[in-house]
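Peer 1: Structure file input.csv (CSV, C-alpha atoms) is given on the next line.
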```
chain,number,residue,atom,x,y,z
G,394,MET,CA,-0.5,3.5,3.2
G,395,HIS,CA,-1.3,-0.2,3.7
G,396,PRO,CA,-0.5,-1.3,7.3
G,397,LEU,CA,1.7,-4.1,6.1
G,398,LEU,CA,4.2,-1.6,4.6
G,399,ALA,CA,5.9,-0.6,7.9
G,400,CYS,CA,9.2,0.3,6.1
G,401,VAL,CA,7.5,3.1,4.1
G,402,GLY,CA,7.0,5.2,7.2
G,403,ALA,CA,10.5,4.4,8.5
G,404,CYS,CA,12.3,5.9,5.5
G,405,PRO,CA,13.4,9.4,6.4
G,406,GLU,CA,14.1,10.4,2.7
G,407,GLY,CA,10.9,9.0,1.1
G,408,ALA,CA,12.9,6.5,-1.0
G,409,ILE,CA,10.4,3.7,-0.1
G,410,LEU,CA,6.8,4.1,-1.3
G,411,ASP,CA,3.6,2.2,-1.4
G,412,HIS,CA,1.1,2.2,-4.2
G,413,PRO,CA,-2.2,3.4,-2.8
G,414,GLN,CA,-4.2,2.4,-5.9
G,415,SER,CA,-2.8,-1.1,-6.0
G,416,GLU,CA,-5.0,-3.9,-4.9
G,417,VAL,CA,-2.1,-5.7,-3.3
G,418,PRO,CA,0.7,-4.3,-1.1
G,419,GLN,CA,3.3,-3.0,-3.4
G,420,LEU,CA,6.7,-1.8,-2.3
G,421,ARG,CA,8.4,0.8,-4.7
G,422,PHE,CA,11.8,2.2,-4.4
G,423,ILE,CA,13.4,5.5,-5.7
G,424,GLU,CA,17.1,4.7,-5.8
G,425,ASN,CA,18.5,8.2,-6.0
G,426,LYS,CA,16.7,9.2,-2.7
G,427,CYS,CA,18.2,6.4,-0.7
G,428,VAL,CA,20.9,7.4,1.8
G,429,GLN,CA,21.6,3.8,2.9
G,430,CYS,CA,20.5,4.4,6.5
G,431,GLY,CA,19.1,0.9,6.8
G,432,LEU,CA,15.9,1.8,8.7
G,433,CYS,CA,13.7,0.2,6.0
G,434,ALA,CA,15.6,-3.1,6.2
G,435,VAL,CA,15.4,-3.2,10.0
G,436,THR,CA,11.7,-2.3,10.1
G,437,CYS,CA,10.5,-4.7,7.4
G,438,PRO,CA,8.8,-7.7,9.1
G,439,GLU,CA,9.1,-9.9,6.0
G,440,ASP,CA,12.8,-9.3,5.2
G,441,ALA,CA,11.8,-8.0,1.8
G,442,ILE,CA,14.6,-5.4,1.8
G,443,ALA,CA,18.4,-5.8,1.6
G,444,LEU,CA,20.8,-2.9,1.3
G,445,VAL,CA,23.2,-3.1,-1.7
G,446,PRO,CA,25.7,-0.2,-1.7
G,447,ARG,CA,25.9,1.3,-5.2
G,448,LEU,CA,25.4,4.5,-7.1
G,449,SER,CA,23.2,4.5,-10.2
G,450,LEU,CA,23.2,7.6,-12.4
G,451,ALA,CA,20.8,6.1,-14.9
G,452,PRO,CA,17.5,7.9,-15.4
G,453,GLU,CA,15.4,5.1,-13.9
G,454,ALA,CA,17.1,5.7,-10.6
G,455,LYS,CA,14.9,8.8,-10.3
G,456,GLN,CA,11.7,6.8,-10.9
G,457,PRO,CA,9.8,4.5,-8.5
G,458,GLN,CA,10.6,0.8,-9.3
G,459,VAL,CA,8.5,-2.1,-7.9
G,460,VAL,CA,10.8,-4.1,-5.7
G,461,ASN,CA,8.2,-6.3,-3.9
G,462,GLU,CA,4.6,-7.2,-4.4
G,463,ALA,CA,2.7,-9.4,-1.9
G,464,VAL,CA,-0.4,-11.6,-2.1
G,465,ILE,CA,-2.9,-11.0,0.7
G,466,PHE,CA,-4.1,-13.8,2.9
G,467,ASN,CA,-7.7,-13.3,4.0
G,468,CYS,CA,-9.4,-14.7,7.1
G,469,THR,CA,-11.1,-18.0,6.3
G,470,ARG,CA,-14.2,-17.0,8.3
G,471,CYS,CA,-14.9,-13.4,7.5
G,472,GLY,CA,-12.7,-12.8,4.4
G,473,LYS,CA,-11.0,-9.7,5.9
G,474,PRO,CA,-7.3,-9.3,5.1
G,475,LEU,CA,-5.0,-10.6,7.8
G,476,GLY,CA,-1.6,-10.1,6.3
G,477,THR,CA,0.5,-11.2,3.4
G,478,GLU,CA,0.7,-14.9,2.6
G,479,LYS,CA,4.4,-14.9,3.4
G,480,MET,CA,3.8,-13.3,6.8
G,481,ILE,CA,1.1,-15.8,7.7
G,482,GLY,CA,3.2,-18.7,6.5
G,483,ASN,CA,6.1,-17.6,8.6
G,484,MET,CA,3.9,-17.3,11.7
G,485,LEU,CA,2.4,-20.8,11.1
G,486,THR,CA,5.9,-22.4,10.9
G,487,ARG,CA,7.0,-20.7,14.1
G,488,LEU,CA,3.9,-21.7,16.1
G,489,PRO,CA,3.4,-25.2,17.5
G,490,ASP,CA,0.2,-27.1,16.8
G,491,ILE,CA,-2.5,-25.2,18.6
G,492,ARG,CA,-5.6,-27.1,19.5
G,493,CYS,CA,-8.7,-25.7,21.2
G,494,SER,CA,-9.2,-26.9,24.7
G,495,ARG,CA,-12.9,-26.5,24.4
G,496,SER,CA,-15.5,-26.8,21.7
G,497,PRO,CA,-16.6,-23.6,19.9
G,498,GLY,CA,-19.7,-22.1,21.5
G,499,ARG,CA,-19.4,-23.9,24.8
G,500,SER,CA,-19.0,-22.0,28.0
G,501,THR,CA,-16.2,-22.9,30.4
G,502,GLY,CA,-17.9,-21.4,33.5
```
Please express the file's structure as structure tokens.
Peer 2:
Amino acid sequence: MHPLLACVGACPEGAILDHPQSEVPQLRFIENKCVQCGLCAVTCPEDAIALVPRLSLAPEAKQPQVVNEAVIFNCTRCGKPLGTEKMIGNMLTRLPDIRCSRSPGRSTG
């Protein structure tokens, strides 16, 4: 499971799934397994899940449906994945302008 999919581990019924072979975090949902407990919505750091009360008896309610797919934001220095673009964007808007108080590579002591 991709670490950015916290809601997958929160679902007690296995209605929320990740896609391990996908190159990007992909959230899939099996509607007929959902018991509307709300743990997934509370756990999701990106507000990607909203509960909608309904009962679907259609055959596709038994199959995983992709409900969210995210683009990964990689570190500009090393290229390692840091989080989703949406998550990084939310963090940057909440943080004030941060400026280094010392030059890189210089010791303060």
Peer 1: How many Å separate CA of Ile423 in chain G from CA of Thr436 in chain G?
Peer 2: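 Here the two named atoms are 17.7 Å from each other.
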Peer 1: Tell me which of G:Glu424, G:Leu475, G:Glu406, G:Pro457 sits closest to Leu444 in chain G, counting all atoms listed in the file.
Peer 2: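 Result for the nearest residue to Leu444 in chain G: G:Glu424.
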Peer 1: Could you pull the residues within 7 Å of Leu432 in chain G, counting all atoms listed in the file, minus those fewer than 3 positions along the same chain, as a PyMOL selection string?
Peer 2: chain G and resi 403-404+435-436
Peer 1: Considering only C-alpha atoms, return as a short mmCIF file (atom, residue, chain, number, x, y, z; two decimals) with C-alpha atoms, in the frame of the given file whatever protein or nucleic-acid residues lie within 9 Å of Phe422 in chain G, sequence-local ones (same chain, fewer than 5 positions apart) excluded.
Peer 2:
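Saved as around-v6.cif:
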```cif
data_model
loop_
_atom_site.label_atom_id
_atom_site.label_comp_id
_atom_site.auth_asym_id
_atom_site.auth_seq_id
_atom_site.Cartn_x
_atom_site.Cartn_y
_atom_site.Cartn_z
CA GLY G 407 10.90 9.00 1.10
CA ALA G 408 12.90 6.50 -1.00
CA ILE G 409 10.40 3.70 -0.10
CA LEU G 410 6.80 4.10 -1.30
CA ASP G 411 3.60 2.20 -1.40
CA CYS G 427 18.20 6.40 -0.70
CA ALA G 454 17.10 5.70 -10.60
CA GLN G 456 11.70 6.80 -10.90
CA PRO G 457 9.80 4.50 -8.50
CA GLN G 458 10.60 0.80 -9.30
CA VAL G 459 8.50 -2.10 -7.90
CA VAL G 460 10.80 -4.10 -5.70
#
```
Peer 1: Please, what distance in Å, to one decimal, runs between CA of Pro413 in chain G and CA of Glu462 in chain G?
Peer 2: 12.7 Å
Peer 1: Quick one: distance from CA of Cys437 in chain G to CA of Leu450 in chain G in Å, one decimal?
Peer 2: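 If I compute the distance from CA of Cys437 in chain G to CA of Leu450 in chain G, I get 26.5 Å.
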